[in-house]
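Just below is one structure, and these are the notes that go with it.
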Amino acid sequence: MPNDASCKNSKTMLRSGCKRKRIVSSSMYSIHSLFFAAIAIILSRQITAQPPTAKPTAKPTSKPTSPPTPKPTAVSLPVSNIFPPTSTITTFGCINSVVNPPPLLLDGTTTHHSCAPGGPSSTGRGVVIVPSHGLPSIAEKIRVYASPTSASCPSPCDPVTYRVEGRRTPSSSWTLISEGDFPWIVNTGTNNAPPPARNPDDTAIASTYGAGDLNLSFTEATLRIDDGNGNAVTNDAAYADYRVTFTSRSDNNPILIGEVELVGRIEGIATPFPTKAPTKSPTAAPSSSPSASIAPTSLPSSPPTTSIAPTSSPSWSPSVSTEPTTS
């Protein structure tokens, strides 16, 4: 095979030899080009043919992540009034006013209930209240709000004494819890104590377990019992229903009460309530689908690098022989 110099300078060298060298060089270029093109195609197919993951990246949980609560936790709920407004109220020893009926005792405002003397009673005047929540409760204090000024009672008609009794079932007998004078009767045992201040009519009452509404006129007495050792302690016995008896300054006057509250605790409240089902059920479907970067793409996710792809022109060119010149 002639070399480059002989093809350039020799006039006697056969042309076929120099042409054969050029053919071989061109063939090598073509082979290189085809080789790199084949590599690019193979890489492209490897990228596009990569299958998605056989399983989702996150499986459904086989079991609930947290079980249902086994049992509700019974708690004692402190409240400003163990009587909800929807409780059942039955009066005794009263002629109830149509304008000021018994439900006004628990409506959460200073609008008063009027209990005029009269009606069948052998124990005085008062109310029997069955709480609508149906749970046992512990009465610790009695709190009474003064009524607004009323034309039906020009003289003070506030209750001066209380007697609170409880029972555990509708058929059981009443048990005395506590009785005594209201603190707003400063001269105990007399009827000449100054009356409490009047409250504005139809005003919302903001009581809490710890204190009455300090913007309004009210009185409060702790319901004390004997602990068996001669000590007076706050009542801790639970009852279902209550009977409250009042006396007024005069048996001839009605008893006017803006609101009555038995401050205490409602027993047996379930907090939190048991769940009907686990708090977290198994997922209906995988929590996350296969990632898009793993799923097959219609085109390669990244094109072949330019260093692998064939170039538009060869990176090197064969040597060009010079045709022999005629002398």
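If you're wondering about the labels, chains in the structure tokens are A, B, ... by order shown, residues count from 1 in each chain, ligands from 1 in order shown.
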
* Long-range neighbours of Thr123 of chain A as a PyMOL selection string, 10 Å cut-off, only C-alpha atoms, 5 positions minimum in chain -> chain A and resi 92-93+245-246

* To do: Pick out the residues sitting within 10 Å of Gly212 of chain A, and hand them over as JSON, numbers by chain; count only C-alpha atoms, and ignore anything fewer than 6 positions along from it in its own chain.
  => {"A": [80, 143, 144, 145, 205, 206, 218, 219, 220, 261, 263]}

Just N, CA, C and O atoms for this one: save the residues we selected as a PDB file, in the first residue's frame.
ATOM      1  N   SER A  80     -71.255  25.691  85.806  1.00  0.00           N
ATOM      2  CA  SER A  80     -71.876  26.764  86.587  1.00  0.00           C
ATOM      3  C   SER A  80     -73.291  26.400  87.014  1.00  0.00           C
ATOM      4  O   SER A  80     -73.826  26.979  87.970  1.00  0.00           O
ATOM      5  N   ARG A 143     -76.741  29.242  93.828  1.00  0.00           N
ATOM      6  CA  ARG A 143     -76.530  30.643  93.434  1.00  0.00           C
ATOM      7  C   ARG A 143     -77.849  31.188  92.884  1.00  0.00           C
ATOM      8  O   ARG A 143     -78.445  30.592  91.989  1.00  0.00           O
ATOM      9  N   VAL A 144     -78.274  32.327  93.435  1.00  0.00           N
ATOM     10  CA  VAL A 144     -79.547  32.928  93.025  1.00  0.00           C
ATOM     11  C   VAL A 144     -79.307  34.366  92.609  1.00  0.00           C
ATOM     12  O   VAL A 144     -78.668  35.138  93.338  1.00  0.00           O
ATOM     13  N   TYR A 145     -79.828  34.732  91.434  1.00  0.00           N
ATOM     14  CA  TYR A 145     -79.728  36.109  90.936  1.00  0.00           C
ATOM     15  C   TYR A 145     -81.004  36.863  91.267  1.00  0.00           C
ATOM     16  O   TYR A 145     -82.114  36.331  91.135  1.00  0.00           O
ATOM     17  N   ILE A 205     -76.633  36.221  81.638  1.00  0.00           N
ATOM     18  CA  ILE A 205     -75.817  35.977  82.823  1.00  0.00           C
ATOM     19  C   ILE A 205     -74.558  35.209  82.409  1.00  0.00           C
ATOM     20  O   ILE A 205     -74.640  34.189  81.732  1.00  0.00           O
ATOM     21  N   ALA A 206     -73.407  35.706  82.826  1.00  0.00           N
ATOM     22  CA  ALA A 206     -72.122  35.070  82.489  1.00  0.00           C
ATOM     23  C   ALA A 206     -71.535  34.433  83.738  1.00  0.00           C
ATOM     24  O   ALA A 206     -70.586  34.943  84.338  1.00  0.00           O
ATOM     25  N   PHE A 218     -76.300  39.000  92.848  1.00  0.00           N
ATOM     26  CA  PHE A 218     -76.641  37.606  93.143  1.00  0.00           C
ATOM     27  C   PHE A 218     -76.161  37.265  94.553  1.00  0.00           C
ATOM     28  O   PHE A 218     -75.376  37.998  95.176  1.00  0.00           O
ATOM     29  N   THR A 219     -76.634  36.133  95.049  1.00  0.00           N
ATOM     30  CA  THR A 219     -76.172  35.602  96.319  1.00  0.00           C
ATOM     31  C   THR A 219     -75.783  34.135  96.116  1.00  0.00           C
ATOM     32  O   THR A 219     -76.269  33.479  95.183  1.00  0.00           O
ATOM     33  N   GLU A 220     -74.919  33.634  96.991  1.00  0.00           N
ATOM     34  CA  GLU A 220     -74.382  32.289  96.806  1.00  0.00           C
ATOM     35  C   GLU A 220     -74.109  31.660  98.157  1.00  0.00           C
ATOM     36  O   GLU A 220     -73.572  32.305  99.058  1.00  0.00           O
ATOM     37  N   GLU A 261     -79.105  28.674  90.126  1.00  0.00           N
ATOM     38  CA  GLU A 261     -78.033  27.795  89.648  1.00  0.00           C
ATOM     39  C   GLU A 261     -77.584  26.895  90.788  1.00  0.00           C
ATOM     40  O   GLU A 261     -77.367  27.360  91.906  1.00  0.00           O
ATOM     41  N   VAL A 263     -74.403  25.114  91.379  1.00  0.00           N
ATOM     42  CA  VAL A 263     -73.032  24.987  90.894  1.00  0.00           C
ATOM     43  C   VAL A 263     -72.483  23.634  91.331  1.00  0.00           C
ATOM     44  O   VAL A 263     -72.664  23.236  92.488  1.00  0.00           O
TER      45      VAL A 263
END

Using only C-alpha atoms, tabulate the residues of segment 116-224 of chain A lying at most 6 Å from any atom of segment 95-110 of chain A, each with its closest atom pair and that distance in Å to one decimal, by chain and increasing residue number, as JSON lines.
{"residue": "A:Ala116", "atom": "CA", "partner": "A:Ile95", "partner_atom": "CA", "distance": 5.1}
{"residue": "A:Gly118", "atom": "CA", "partner": "A:Ile95", "partner_atom": "CA", "distance": 5.4}
{"residue": "A:Gly119", "atom": "CA", "partner": "A:Ile95", "partner_atom": "CA", "distance": 5.9}
{"residue": "A:Asp201", "atom": "CA", "partner": "A:Thr110", "partner_atom": "CA", "distance": 5.7}
{"residue": "A:Asp202", "atom": "CA", "partner": "A:Thr110", "partner_atom": "CA", "distance": 5.1}
{"residue": "A:Thr203", "atom": "CA", "partner": "A:Thr109", "partner_atom": "CA", "distance": 5.1}
{"residue": "A:Ala204", "atom": "CA", "partner": "A:Thr109", "partner_atom": "CA", "distance": 4.3}
{"residue": "A:Ile205", "atom": "CA", "partner": "A:Thr109", "partner_atom": "CA", "distance": 5.3}

Grab the residues selected above and save them as an mmCIF file, in the first residue's frame with N, CA, C and O atoms.
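Result file is part_30.cif:
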data_model
loop_
_atom_site.group_PDB
_atom_site.id
_atom_site.type_symbol
_atom_site.label_atom_id
_atom_site.label_comp_id
_atom_site.auth_asym_id
_atom_site.auth_seq_id
_atom_site.Cartn_x
_atom_site.Cartn_y
_atom_site.Cartn_z
ATOM 1 N N ALA A 116 -96.221 32.823 93.107
ATOM 2 C CA ALA A 116 -97.181 33.411 94.060
ATOM 3 C C ALA A 116 -97.629 32.334 95.043
ATOM 4 O O ALA A 116 -97.678 31.151 94.692
ATOM 5 N N GLY A 118 -99.740 29.783 97.073
ATOM 6 C CA GLY A 118 -100.947 29.043 96.722
ATOM 7 C C GLY A 118 -100.570 27.694 96.136
ATOM 8 O O GLY A 118 -99.380 27.361 95.932
ATOM 9 N N GLY A 119 -101.559 26.894 95.853
ATOM 10 C CA GLY A 119 -101.306 25.573 95.299
ATOM 11 C C GLY A 119 -101.019 24.574 96.386
ATOM 12 O O GLY A 119 -100.650 24.940 97.505
ATOM 13 N N ASP A 201 -83.582 43.915 83.480
ATOM 14 C CA ASP A 201 -84.408 42.835 82.944
ATOM 15 C C ASP A 201 -83.784 42.235 81.684
ATOM 16 O O ASP A 201 -83.120 42.924 80.901
ATOM 17 N N ASP A 202 -84.008 40.945 81.491
ATOM 18 C CA ASP A 202 -83.629 40.236 80.266
ATOM 19 C C ASP A 202 -82.150 40.448 79.902
ATOM 20 O O ASP A 202 -81.807 40.725 78.754
ATOM 21 N N THR A 203 -81.293 40.297 80.886
ATOM 22 C CA THR A 203 -79.845 40.453 80.674
ATOM 23 C C THR A 203 -79.171 39.091 80.789
ATOM 24 O O THR A 203 -79.436 38.341 81.734
ATOM 25 N N ALA A 204 -78.316 38.775 79.830
ATOM 26 C CA ALA A 204 -77.616 37.487 79.841
ATOM 27 C C ALA A 204 -76.690 37.408 81.043
ATOM 28 O O ALA A 204 -76.037 38.380 81.417
ATOM 29 N N ILE A 205 -76.633 36.221 81.638
ATOM 30 C CA ILE A 205 -75.817 35.977 82.823
ATOM 31 C C ILE A 205 -74.558 35.209 82.409
ATOM 32 O O ILE A 205 -74.640 34.189 81.732
#

Show me a table, sorted first by chain and then by increasing residue number, of the residues of segment 186-256 of chain A having an atom at most 10 Å from segment 136-139 of chain A, each with its shortest atom pair and the distance in Å to one decimal, counting only C-alpha atoms and written as a tab-separated table.
residue	atom	partner	partner_atom	distance
A:Thr222	CA	A:Ala139	CA	9.2
A:Leu223	CA	A:Ala139	CA	7.3
A:Arg224	CA	A:Ala139	CA	9.9
A:Thr234	CA	A:Ala139	CA	9.0
A:Asn235	CA	A:Ala139	CA	6.8
A:Asp236	CA	A:Ile138	CA	6.0
A:Ala237	CA	A:Ile138	CA	5.8
A:Ala238	CA	A:Ile138	CA	4.5
A:Tyr239	CA	A:Pro136	CA	5.2
A:Ala240	CA	A:Pro136	CA	4.6
A:Asp241	CA	A:Pro136	CA	8.1
A:Tyr242	CA	A:Ala139	CA	9.2

Do a neighbour search on Val164 of chain A at 10 Å with only C-alpha atoms, toss out local chain neighbours closer than 5 positions, and write the hits as a CSV table (one decimal) with N, CA and C atoms, in the first residue's frame.
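around16.csv was written with the following content:
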chain,number,residue,atom,x,y,z
A,126,GLY,N,-91.5,25.9,96.1
A,126,GLY,CA,-90.2,25.6,95.5
A,126,GLY,C,-90.4,24.9,94.1
A,128,VAL,N,-89.1,21.3,91.7
A,128,VAL,CA,-88.4,20.0,91.5
A,128,VAL,C,-87.8,20.0,90.1
A,139,ALA,N,-74.1,18.7,93.6
A,139,ALA,CA,-74.4,20.1,93.8
A,139,ALA,C,-73.5,20.6,94.9
A,141,LYS,N,-72.9,24.3,95.4
A,141,LYS,CA,-73.3,25.6,95.8
A,141,LYS,C,-74.7,25.9,95.2
A,142,ILE,N,-75.4,26.8,95.8
A,142,ILE,CA,-76.7,27.3,95.3
A,142,ILE,C,-76.4,28.8,95.0
A,174,TRP,N,-86.5,11.7,99.2
A,174,TRP,CA,-85.6,12.8,99.1
A,174,TRP,C,-84.7,12.8,100.3
A,175,THR,N,-83.4,13.1,100.0
A,175,THR,CA,-82.4,13.2,101.0
A,175,THR,C,-81.9,14.7,101.2
A,176,LEU,N,-81.9,15.2,102.4
A,176,LEU,CA,-81.5,16.5,102.6
A,176,LEU,C,-80.0,16.7,102.4
A,177,ILE,N,-79.6,17.6,101.6
A,177,ILE,CA,-78.2,17.9,101.3
A,177,ILE,C,-77.8,19.1,102.2
A,178,SER,N,-78.5,20.2,102.1
A,178,SER,CA,-78.1,21.4,102.9
A,178,SER,C,-79.2,22.4,103.0
A,179,GLU,N,-79.2,23.2,104.0
A,179,GLU,CA,-80.2,24.3,104.1
A,179,GLU,C,-79.6,25.4,104.9
A,180,GLY,N,-80.2,26.6,104.8
A,180,GLY,CA,-79.6,27.7,105.5
A,180,GLY,C,-80.2,29.0,104.9
A,223,LEU,N,-73.1,24.4,99.8
A,223,LEU,CA,-74.0,23.3,100.3
A,223,LEU,C,-73.0,22.4,101.1
A,242,TYR,N,-83.4,16.9,91.9
A,242,TYR,CA,-83.2,17.9,93.0
A,242,TYR,C,-84.6,18.6,93.3
A,243,ARG,N,-84.7,18.8,94.6
A,243,ARG,CA,-85.9,19.6,95.1
A,243,ARG,C,-85.3,20.8,95.9
A,244,VAL,N,-85.7,22.0,95.5
A,244,VAL,CA,-85.2,23.2,96.1
A,244,VAL,C,-86.4,24.0,96.7
A,245,THR,N,-86.4,24.3,98.0
A,245,THR,CA,-87.5,25.0,98.7
A,245,THR,C,-87.0,26.3,99.1
A,246,PHE,N,-87.8,27.3,98.9
A,246,PHE,CA,-87.4,28.7,99.3
A,246,PHE,C,-88.4,29.2,100.3
A,262,LEU,N,-77.5,25.6,90.5
A,262,LEU,CA,-76.8,24.7,91.4
A,262,LEU,C,-75.4,24.5,90.8

* Within 8 Å of Thr86 of chain A, counting only C-alpha atoms, which residues qualify if same-chain residues fewer than 3 places away don't, as a ChimeraX atom specification? -> /A:83,131-132

* Have a look at A:Ser87, A:Ser76, A:Ser217, A:Asn229 and name the one nearest to Glu267 of chain A; count only C-alpha atoms. =>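 The closest residue to Glu267 of chain A is A:Ser76.
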
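Proximity of A:Ile89, A:Leu135, A:Ile41, A:Val127 to Arg265 of chain A, computed with only C-alpha atoms, is greatest for A:Leu135.
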